[in-house]
Each structure stands twice: as C-alpha cells, then as structure tokens.
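S.K.: To be precise about what I am sending: the file is called protein02.cif and holds mmCIF, C-alpha atoms and all ligand atoms.
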data_start
#
loop_
_atom_site.label_atom_id
_atom_site.label_comp_id
_atom_site.auth_asym_id
_atom_site.auth_seq_id
_atom_site.Cartn_x
_atom_site.Cartn_y
_atom_site.Cartn_z
CA MET P 17 -102.85 -22.91 -45.51
CA SER P 18 -103.13 -25.83 -47.93
CA SER P 19 -99.91 -27.62 -48.67
CA SER P 20 -99.94 -26.62 -52.35
CA TYR P 21 -100.60 -23.02 -51.42
CA ARG P 22 -97.84 -23.14 -48.85
CA ARG P 23 -95.43 -24.53 -51.43
CA LYS P 24 -96.36 -21.84 -53.93
CA PHE P 25 -96.06 -19.16 -51.28
CA LEU P 26 -92.62 -20.42 -50.30
CA GLN P 27 -91.42 -20.58 -53.89
CA GLN P 28 -92.61 -17.07 -54.70
CA GLY P 29 -91.29 -15.80 -51.41
CA LEU P 30 -87.85 -17.26 -52.08
CA ALA P 31 -87.79 -15.99 -55.64
CA GLY P 32 -88.78 -12.57 -54.39
CA LEU P 33 -86.09 -12.72 -51.74
CA ALA P 34 -83.44 -13.77 -54.23
CA ALA P 35 -84.34 -10.94 -56.59
CA GLY P 36 -84.29 -8.53 -53.70
CA ALA P 37 -80.92 -9.75 -52.49
CA LEU P 38 -79.47 -9.49 -55.99
CA SER P 39 -80.61 -5.93 -56.57
CA GLN P 40 -79.44 -5.07 -53.07
CA LEU P 41 -76.02 -6.45 -53.92
CA ALA P 42 -75.87 -4.37 -57.11
CA THR P 43 -76.94 -1.23 -55.28
CA HIS P 44 -74.47 -2.03 -52.51
CA ALA P 45 -71.56 -2.23 -54.96
CA GLU P 46 -72.48 1.13 -56.47
CA THR P 47 -73.09 2.98 -53.24
CA VAL P 48 -70.49 1.86 -50.70
CA ASN P 49 -67.66 3.16 -52.86
CA TRP P 50 -64.97 1.42 -50.85
CA ILE P 51 -61.23 1.91 -51.30
CA ASP P 52 -58.50 -0.71 -51.52
CA ALA P 53 -55.50 1.04 -49.95
CA HIS P 54 -52.74 -1.25 -51.27
CA VAL P 55 -52.42 -2.81 -54.73
CA HIS P 56 -49.48 -3.31 -57.09
CA VAL P 57 -49.77 -3.15 -60.86
CA TRP P 58 -47.23 -3.96 -63.55
CA THR P 59 -47.14 -4.60 -67.25
CA ASN P 60 -45.14 -6.80 -69.62
CA ASP P 61 -44.35 -3.77 -71.78
CA PHE P 62 -40.73 -3.89 -70.72
CA ARG P 63 -39.63 -1.49 -73.46
CA SER P 64 -41.72 1.38 -72.13
CA TYR P 65 -41.33 0.36 -68.51
CA PRO P 66 -38.07 -1.49 -67.93
CA LEU P 67 -37.58 -3.50 -64.75
CA ALA P 68 -34.91 -2.38 -62.32
CA GLU P 69 -31.54 -4.08 -62.20
CA GLY P 70 -31.75 -7.53 -60.65
CA TYR P 71 -35.34 -8.21 -61.83
CA LYS P 72 -36.25 -10.40 -64.80
CA PRO P 73 -39.51 -10.66 -66.77
CA GLU P 74 -39.75 -14.41 -66.05
CA GLY P 75 -39.51 -13.66 -62.35
CA MET P 76 -42.72 -11.58 -62.40
CA LYS P 77 -45.54 -13.60 -60.88
CA PRO P 78 -48.19 -13.15 -62.14
CA ARG P 79 -46.64 -12.07 -65.47
CA THR P 80 -48.79 -8.92 -65.49
CA PHE P 81 -51.30 -7.30 -63.18
CA LEU P 82 -53.00 -4.42 -64.96
CA PRO P 83 -55.40 -1.73 -63.73
CA GLU P 84 -58.31 -3.57 -65.36
CA ASP P 85 -57.34 -6.76 -63.49
CA ILE P 86 -57.64 -5.17 -60.07
CA LEU P 87 -60.93 -3.48 -60.98
CA ARG P 88 -62.33 -6.80 -62.20
CA HIS P 89 -61.62 -8.32 -58.78
CA ALA P 90 -62.60 -5.27 -56.75
CA LYS P 91 -65.76 -3.82 -58.30
CA PRO P 92 -68.15 -6.71 -57.59
CA HIS P 93 -67.35 -6.09 -53.90
CA GLY P 94 -68.09 -2.37 -54.03
CA VAL P 95 -64.43 -1.35 -54.15
CA ASN P 96 -64.19 1.40 -56.77
CA ARG P 97 -60.97 3.19 -55.90
CA VAL P 98 -57.45 1.93 -55.34
CA ALA P 99 -54.21 3.24 -53.89
CA LEU P 100 -51.40 1.87 -56.04
CA ILE P 101 -48.13 1.00 -54.34
CA GLN P 102 -44.96 1.29 -56.38
CA MET P 103 -43.63 -2.16 -57.17
CA SER P 104 -40.07 -2.76 -55.97
CA SER P 105 -39.20 -4.28 -59.35
CA TYR P 106 -39.47 -0.77 -60.86
CA ARG P 107 -37.44 0.68 -57.96
CA PHE P 108 -37.33 4.51 -58.32
CA ASP P 109 -38.96 4.57 -61.76
CA ASN P 110 -42.56 5.33 -60.86
CA SER P 111 -43.60 5.97 -64.47
CA TYR P 112 -45.94 3.00 -65.01
CA MET P 113 -47.89 3.81 -61.86
CA LEU P 114 -48.02 7.50 -62.80
CA ASP P 115 -49.35 6.66 -66.27
CA VAL P 116 -52.10 4.52 -64.75
CA ILE P 117 -53.06 7.37 -62.40
CA ARG P 118 -53.02 9.91 -65.23
CA LYS P 119 -55.52 7.84 -67.23
CA SER P 120 -57.99 7.48 -64.30
CA PRO P 121 -57.16 10.04 -61.62
CA GLY P 122 -60.54 9.59 -59.91
CA VAL P 123 -59.92 5.86 -59.47
CA PHE P 124 -56.21 5.60 -58.68
CA ARG P 125 -53.75 7.39 -56.42
CA GLY P 126 -50.18 6.39 -55.77
CA VAL P 127 -47.58 5.59 -53.15
CA ALA P 128 -44.20 6.06 -54.84
CA ILE P 129 -40.65 5.12 -54.01
CA VAL P 130 -37.99 7.85 -54.07
CA ASP P 131 -34.28 7.43 -53.47
CA TRP P 132 -33.84 8.48 -49.85
CA ASN P 133 -30.06 8.38 -50.29
CA ALA P 134 -30.22 11.02 -53.01
CA ALA P 135 -29.56 14.69 -52.29
CA GLN P 136 -33.16 15.93 -52.36
CA PRO P 137 -35.77 13.24 -51.87
CA ASP P 138 -38.14 15.95 -50.60
CA GLN P 139 -37.94 17.79 -53.92
CA ASN P 140 -38.75 14.52 -55.63
CA MET P 141 -41.75 14.04 -53.31
CA ARG P 142 -43.21 17.45 -54.20
CA GLU P 143 -42.93 16.74 -57.91
CA LEU P 144 -44.58 13.33 -57.59
CA ALA P 145 -47.39 14.81 -55.50
CA LYS P 146 -48.41 16.88 -58.53
CA ALA P 147 -48.97 13.63 -60.43
CA GLY P 148 -51.35 12.06 -57.90
CA VAL P 149 -48.86 10.52 -55.48
CA ARG P 150 -49.97 10.82 -51.86
CA GLY P 151 -47.50 8.62 -50.03
CA PHE P 152 -43.95 7.27 -50.10
CA ARG P 153 -42.89 3.76 -49.37
CA ILE P 154 -39.83 3.24 -47.18
CA TYR P 155 -38.13 0.13 -45.75
CA PRO P 156 -34.94 -0.76 -43.88
CA GLY P 157 -33.33 -2.72 -46.74
CA LYS P 158 -29.83 -3.79 -45.73
CA VAL P 159 -29.42 -1.12 -43.05
CA ALA P 160 -29.36 -2.24 -39.39
CA VAL P 161 -32.94 -2.21 -38.22
CA GLU P 162 -32.17 -0.48 -34.89
CA ASN P 163 -31.31 2.80 -36.60
CA TRP P 164 -32.61 2.38 -40.12
CA LEU P 165 -34.24 5.85 -40.13
CA ASP P 166 -31.21 7.84 -38.97
CA GLY P 167 -30.16 9.08 -42.42
CA GLU P 168 -30.49 12.71 -43.50
CA GLY P 169 -32.69 11.65 -46.43
CA PHE P 170 -35.36 10.25 -44.14
CA ALA P 171 -35.29 13.44 -42.06
CA LYS P 172 -35.98 15.44 -45.23
CA MET P 173 -38.77 13.07 -46.21
CA PHE P 174 -40.49 13.20 -42.82
CA LYS P 175 -40.24 17.00 -42.78
CA CYS P 176 -41.69 17.26 -46.26
CA GLY P 177 -44.45 14.75 -45.40
CA ALA P 178 -45.53 16.90 -42.47
CA LYS P 179 -45.49 20.11 -44.49
CA GLU P 180 -47.22 18.81 -47.62
CA ARG P 181 -49.49 16.28 -45.88
CA LEU P 182 -47.91 13.36 -47.73
CA ALA P 183 -47.83 9.98 -45.98
CA ILE P 184 -44.70 8.04 -45.19
CA CYS P 185 -45.54 4.34 -45.62
CA PRO P 186 -43.11 1.94 -43.91
CA LEU P 187 -43.01 -1.66 -45.08
CA ILE P 188 -41.54 -3.21 -41.94
CA GLY P 189 -41.65 -6.01 -39.46
CA PRO P 190 -42.12 -5.39 -35.74
CA ASN P 191 -38.33 -5.22 -35.18
CA ALA P 192 -38.25 -1.93 -37.13
CA LEU P 193 -40.94 -0.29 -34.97
CA PRO P 194 -38.71 1.09 -32.16
CA ALA P 195 -36.71 3.19 -34.64
CA LEU P 196 -39.96 4.34 -36.27
CA GLU P 197 -41.29 5.33 -32.85
CA ARG P 198 -38.23 7.53 -32.26
CA GLN P 199 -38.67 9.12 -35.67
CA CYS P 200 -42.36 9.84 -34.97
CA ARG P 201 -41.32 11.59 -31.75
CA LYS P 202 -38.92 13.75 -33.78
CA PHE P 203 -41.53 14.43 -36.46
CA PRO P 204 -44.89 14.24 -34.66
CA GLU P 205 -46.82 15.96 -37.48
CA THR P 206 -45.78 13.58 -40.25
CA PRO P 207 -48.57 11.31 -41.54
CA VAL P 208 -47.38 7.70 -41.29
CA VAL P 209 -49.18 4.61 -42.60
CA ILE P 210 -47.72 1.29 -41.43
CA ASP P 211 -48.16 -1.48 -44.02
CA HIS P 212 -49.86 -4.81 -43.26
CA MET P 213 -50.13 -4.42 -39.46
CA ALA P 214 -46.30 -4.35 -39.38
CA ARG P 215 -46.48 -7.92 -40.72
CA LEU P 216 -47.25 -9.38 -37.31
CA GLY P 217 -47.69 -13.10 -37.72
CA ALA P 218 -45.84 -13.25 -41.06
CA ASP P 219 -43.29 -15.70 -39.67
CA GLY P 220 -45.34 -17.67 -37.16
CA PRO P 221 -47.87 -16.88 -34.48
CA VAL P 222 -48.71 -13.27 -33.61
CA ARG P 223 -46.63 -12.41 -30.51
CA GLU P 224 -48.09 -10.44 -27.63
CA ASP P 225 -44.95 -8.30 -27.26
CA ASP P 226 -45.17 -7.26 -30.89
CA ILE P 227 -48.86 -6.37 -30.58
CA ARG P 228 -48.01 -4.11 -27.64
CA VAL P 229 -45.24 -2.33 -29.55
CA LEU P 230 -47.47 -1.80 -32.58
CA CYS P 231 -50.40 -0.58 -30.45
CA SER P 232 -48.10 1.85 -28.62
CA MET P 233 -47.55 3.63 -31.95
CA ALA P 234 -51.09 4.95 -31.52
CA GLN P 235 -49.70 7.55 -29.07
CA HIS P 236 -48.58 9.43 -32.19
CA SER P 237 -51.79 10.89 -33.52
CA HIS P 238 -50.74 10.91 -37.18
CA VAL P 239 -49.85 7.22 -37.34
CA LYS P 240 -52.33 4.94 -39.12
CA VAL P 241 -52.23 1.22 -39.84
CA LYS P 242 -53.16 -0.78 -42.91
CA VAL P 243 -55.25 -3.79 -41.97
CA SER P 244 -54.16 -5.86 -44.94
CA ALA P 245 -52.31 -8.76 -46.55
CA PHE P 246 -54.33 -11.36 -44.65
CA TYR P 247 -53.12 -14.12 -47.01
CA ALA P 248 -49.60 -13.62 -45.60
CA LEU P 249 -50.34 -13.41 -41.88
CA GLY P 250 -51.15 -15.81 -39.07
CA GLU P 251 -52.67 -19.06 -40.30
CA LYS P 252 -52.59 -17.59 -43.83
CA LYS P 253 -55.91 -19.06 -44.86
CA PRO P 254 -59.51 -17.91 -45.15
CA PRO P 255 -61.70 -17.02 -43.35
CA HIS P 256 -58.77 -15.37 -41.47
CA LEU P 257 -60.67 -15.28 -38.20
CA ASP P 258 -57.41 -16.05 -36.37
CA LEU P 259 -56.49 -12.40 -37.13
CA ALA P 260 -59.63 -11.07 -35.41
CA PRO P 261 -58.00 -10.64 -31.94
CA LEU P 262 -55.09 -8.69 -33.46
CA ILE P 263 -57.42 -6.44 -35.47
CA HIS P 264 -59.55 -5.94 -32.35
CA ARG P 265 -56.48 -4.76 -30.40
CA LEU P 266 -55.56 -2.33 -33.20
CA TYR P 267 -59.16 -1.12 -33.27
CA ASP P 268 -59.04 -0.41 -29.53
CA ALA P 269 -55.68 1.36 -29.80
CA PHE P 270 -56.06 3.37 -33.00
CA GLY P 271 -59.81 3.55 -33.52
CA PRO P 272 -61.45 2.97 -36.91
CA GLN P 273 -60.47 6.43 -38.12
CA ARG P 274 -56.81 5.38 -38.20
CA LEU P 275 -57.25 1.94 -39.72
CA MET P 276 -57.63 1.26 -43.43
CA TRP P 277 -58.29 -2.05 -45.14
CA ALA P 278 -56.26 -3.19 -48.17
CA SER P 279 -55.98 -6.38 -50.19
CA ASP P 280 -52.30 -6.30 -51.27
CA CYS P 281 -53.30 -7.60 -54.69
CA PRO P 282 -52.26 -9.35 -56.80
CA PHE P 283 -50.77 -11.45 -54.00
CA GLN P 284 -54.15 -11.74 -52.25
CA VAL P 285 -55.68 -13.46 -55.28
CA VAL P 286 -52.93 -15.98 -55.99
CA SER P 287 -54.33 -18.77 -53.81
CA GLU P 288 -57.45 -17.19 -52.34
CA THR P 289 -60.02 -14.64 -53.48
CA TYR P 290 -60.52 -10.92 -53.20
CA GLY P 291 -63.70 -11.60 -51.24
CA ASP P 292 -61.74 -13.65 -48.68
CA SER P 293 -59.98 -10.41 -47.74
CA VAL P 294 -62.62 -7.67 -47.96
CA SER P 295 -65.36 -9.75 -46.35
CA LEU P 296 -63.33 -10.22 -43.15
CA ILE P 297 -63.83 -6.50 -42.47
CA ALA P 298 -67.18 -6.16 -44.23
CA SER P 299 -68.97 -9.01 -42.49
CA ARG P 300 -66.95 -11.30 -40.22
CA LEU P 301 -65.74 -9.04 -37.39
CA LYS P 302 -68.67 -8.64 -35.04
CA PHE P 303 -67.07 -5.84 -33.00
CA LEU P 304 -67.20 -3.45 -35.98
CA SER P 305 -70.26 -1.20 -36.30
CA GLY P 306 -71.58 0.03 -39.64
CA GLU P 307 -69.85 3.35 -39.09
CA ASP P 308 -66.56 1.65 -38.17
CA LYS P 309 -66.64 -0.18 -41.49
CA GLU P 310 -67.29 3.11 -43.30
CA TRP P 311 -63.97 4.33 -41.91
CA ILE P 312 -61.90 1.18 -42.35
CA LEU P 313 -63.20 0.42 -45.84
CA ARG P 314 -63.36 3.96 -47.19
CA ARG P 315 -63.02 7.14 -45.18
CA THR P 316 -59.57 6.65 -43.61
CA ALA P 317 -58.02 5.85 -47.00
CA GLU P 318 -60.04 8.63 -48.62
CA GLU P 319 -58.64 11.23 -46.20
CA THR P 320 -55.13 9.85 -46.54
CA PHE P 321 -54.82 9.18 -50.26
CA PHE P 322 -57.78 10.77 -52.09
CA ALA P 323 -58.07 14.19 -50.39
ZN ZN R 401 -47.71 -5.06 -51.21
#
What would the structure in this file look like if it were written as structure tokens?

M.R.:
Amino acid sequence: MSSSYRRKFLQQGLAGLAAGALSQLATHAETVNWIDAHVHVWTNDFRSYPLAEGYKPEGMKPRTFLPEDILRHAKPHGVNRVALIQMSSYRFDNSYMLDVIRKSPGVFRGVAIVDWNAAQPDQNMRELAKAGVRGFRIYPGKVAVENWLDGEGFAKMFKCGAKERLAICPLIGPNALPALERQCRKFPETPVVIDHMARLGADGPVREDDIRVLCSMAQHSHVKVKVSAFYALGEKKPPHLDLAPLIHRLYDAFGPQRLMWASDCPFQVVSETYGDSVSLIASRLKFLSGEDKEWILRRTAEETFFA
C-alpha cells in the first residue's frame, strides 16, 4: 500500500465510520425507547398552579422545569418516556403534573402525593389513577422514623396499592427501612418502589450495614429500587463509578427486573449532565448484560408505571 493510498484509505475509512456511528446513534435513540423513572416538573404560572404554603417563587431552583425541558435533555439519549414525581412544593395539589400527563399520556405518567392523614387517601388514589397516576410518594416527615408507617392512612394506602396495582414510593434514608420492612410483611402484595437506593451515601460514604438492610428488602417480591440521583450520592461526581459496587450488590439481591434507572432531573442537570447519569447504566457497568440494561432502563419502569 503506497503511503498516499494508505492515507486516503484511512481518511475514507474514518469518514465512513463516523457516518456509521452517527446514524447508529440516531437509530439507537429512536429504538431503545428508554424510560426515566423519576423527574420533577414545575412552572412559573403561579396563578394556575399556586405553590403550597411555605414555598416561594424565588426559592424555586431552577425557576421552571417544563416537560419540554426534560425531553430536550432526555431524547438525545434514547429516553422517550418519563415518570413524573409530584414536587413537594405543590404538596397535595397534583394538578400541574396531571395537566402535563393529560397533554401527552403516552410520554408521561405520574407519582402523586395524597394526604395520608386524611380520612380516605385510598379513595384519592383511585381517582388519581384514572388520570395516569401509577404511584404515590410517601416519606416520614416529622414523624419518628422507627414507626413512621404505623398510621391508619398508610394501611389504607398499602391495601389500595395491592388491590389496584399502584406503587407506593418511599423517599427515605436507610434509617426508615426497618419500619418499611415491617409494613411490607403486613402487606406483602403491595408494589413498593424505593427512591434513590434509599439515599445510601447521601451523607458520606456508603455503609455496609445500610447496604445489607436495603438488600434484605429483596425478600419481599414486590419491592423494587430506583437506581437514581447519582449526583447526590457517594462522591457526587461523574463518572460515578464509586457507586458501581453498591449497584452491583442491588443487582445481585433484586435482579435487573426489580431495578429501574432514573435521573432525578432537574437536579441531575444542575452541575452535571443527563448523560453523566444514564451512561453509568448504559455503558459503564461491565457486569450488566444487554438484557439487564433493557430491564433497568426500560422494562421495569414500563411494567410499574406504563402498564
Ligand atoms: Zn426527586
């Protein structure tokens, strides 16, 4: 091969490769059809959608995060559907989220917040389910974490979740897991999705004891875990490989069919990118097979929120 021929061959070969890679990327984005299982949206239309008491417009950071904002971040990565999580600043008024779902029901589903201290939170759940809500966010709030789930309202919610196949989605730290474990024993059929790997590593290194408690939740066959909010856990910086051992342990305990990836946008994109999150699962964890990724990036969330 003459040197000029070789140069030409290389140039054409590279150009060909680049074109191939580009079209592959485009096809990839259209075909993988991944789901982001945890995103918050809000608007600055405070007249139509007033903030709950204690929240102020100037406290909203970013000022707005609209449905088109999340899709702009997500679509280039092949993420076409999103589970919206009711923002605490709207408290029990789920109307903005419901309006977003109503406009694009194929793209968005919701996880709402109902008042579990009210008389009939289960009635509320059934009504919201008709509007595209598939899960309900709960958290300990100011209640003692040892028995935060003891109230009658939570019993009604767990019963309704089991009957209607609606997920209960606890936003908790590892200290709230023992009470959740007791509740799952009482209501073994209730679908439960634990947010953000129970926030292990949110306040320092990931502790072995906490990993064991979280993994032991896998004994309840309807408990799933969101592998998400990487920006907030462990070293809190990309490429997030420090979280690989934790995710591997969850993978061994729950299996890919009970893990679902999520970004927790907009918070994921404040000081890093959307790709920093999704690509950890899509390409940086060597123990995941192609089929595993199908589950973690799409099928688990599809079964839970889009069925
Ligand atoms: Zn969140």

S.K.: Hey, which residues sit close to ligand ZN 401 (chain R)? Say within 9 Å, counting all atoms listed in the file, and write them as a PyMOL selection string.

M.R.: chain P and resi 54-56+101-103+187+211-212+245+279-283

S.K.: Write the residues of the preceding selection, restricted to C-alpha atoms, as a tab-separated table (two decimals), in the coordinates of the input.

M.R.:
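Now in again-v3.tsv:
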chain	number	residue	atom	x	y	z
P	54	HIS	CA	-52.74	-1.25	-51.27
P	55	VAL	CA	-52.42	-2.81	-54.73
P	56	HIS	CA	-49.48	-3.31	-57.09
P	101	ILE	CA	-48.13	1.00	-54.34
P	102	GLN	CA	-44.96	1.29	-56.38
P	103	MET	CA	-43.63	-2.16	-57.17
P	187	LEU	CA	-43.01	-1.66	-45.08
P	211	ASP	CA	-48.16	-1.48	-44.02
P	212	HIS	CA	-49.86	-4.81	-43.26
P	245	ALA	CA	-52.31	-8.76	-46.55
P	279	SER	CA	-55.98	-6.38	-50.19
P	280	ASP	CA	-52.30	-6.30	-51.27
P	281	CYS	CA	-53.30	-7.60	-54.69
P	282	PRO	CA	-52.26	-9.35	-56.80
P	283	PHE	CA	-50.77	-11.45	-54.00

S.K.: My list of candidates is P:Ile51, P:Cys185, P:Leu266, P:Ala145. Which is closest to Glu318 (chain P) when distances are computed with all atoms listed in the file?

M.R.: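 That would be P:Ile51, the residue with the smallest distance to Glu318 (chain P).
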
S.K.: Would you kindly identify which residues have an atom no farther than 12 Å from (-60.1, 2.9, -54.2), using all atoms listed in the file and the file's own coordinates, and write them out as a PyMOL selection string?

M.R.: chain P and resi 48-55+83+86-87+90-91+93-100+117+120-126+276-279+313-322

S.K.: Considering only C-alpha atoms, can you say which of P:Arg300, P:Arg153, P:Arg142, P:Lys252 comes closest to Lys175 (chain P)?

M.R.: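 Using only C-alpha atoms, Lys175 (chain P) sits closest to P:Arg142.
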
S.K.: Can you work out which one of P:Tyr71, P:Asn110, P:Trp58, P:Val159 has the shortest atom-to-atom distance to Glu143 (chain P), counting only C-alpha atoms?

M.R.: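 Result for the nearest residue to Glu143 (chain P): P:Asn110.
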
S.K.: Need the shell around Tyr106 (chain P): protein/DNA/RNA residues with any atom at most 10 Å away, counting all atoms listed in the file. Skip same-chain ones fewer than 2 positions apart. Format as a short mmCIF file (atom, residue, chain, number, x, y, z; two decimals) with C-alpha atoms, keeping the file's coordinate frame?

M.R.:
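Result saved to around_38.cif:
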data_model
loop_
_atom_site.label_atom_id
_atom_site.label_comp_id
_atom_site.auth_asym_id
_atom_site.auth_seq_id
_atom_site.Cartn_x
_atom_site.Cartn_y
_atom_site.Cartn_z
CA TRP P 58 -47.23 -3.96 -63.55
CA TYR P 65 -41.33 0.36 -68.51
CA PRO P 66 -38.07 -1.49 -67.93
CA LEU P 67 -37.58 -3.50 -64.75
CA ALA P 68 -34.91 -2.38 -62.32
CA GLU P 69 -31.54 -4.08 -62.20
CA TYR P 71 -35.34 -8.21 -61.83
CA GLN P 102 -44.96 1.29 -56.38
CA MET P 103 -43.63 -2.16 -57.17
CA SER P 104 -40.07 -2.76 -55.97
CA PHE P 108 -37.33 4.51 -58.32
CA ASP P 109 -38.96 4.57 -61.76
CA ASN P 110 -42.56 5.33 -60.86
CA SER P 111 -43.60 5.97 -64.47
CA TYR P 112 -45.94 3.00 -65.01
CA MET P 113 -47.89 3.81 -61.86
CA ILE P 129 -40.65 5.12 -54.01
#

S.K.: Between P:Ala269, P:Val285, P:Ile184, P:Ile227, which residue has the minimum interatomic distance to Leu196 (chain P), considering all atoms listed in the file?

M.R.: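 Looking at the shortest contact to Leu196 (chain P), the residue is P:Ile184.
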
S.K.: Tell me which residues come within 9 Å of (-47.8, 2.9, -44.4), as number ranges by chain, counting all atoms listed in the file in the file's coordinates.

M.R.: P: 151-154, 183-187, 207-212, 214, 239-242
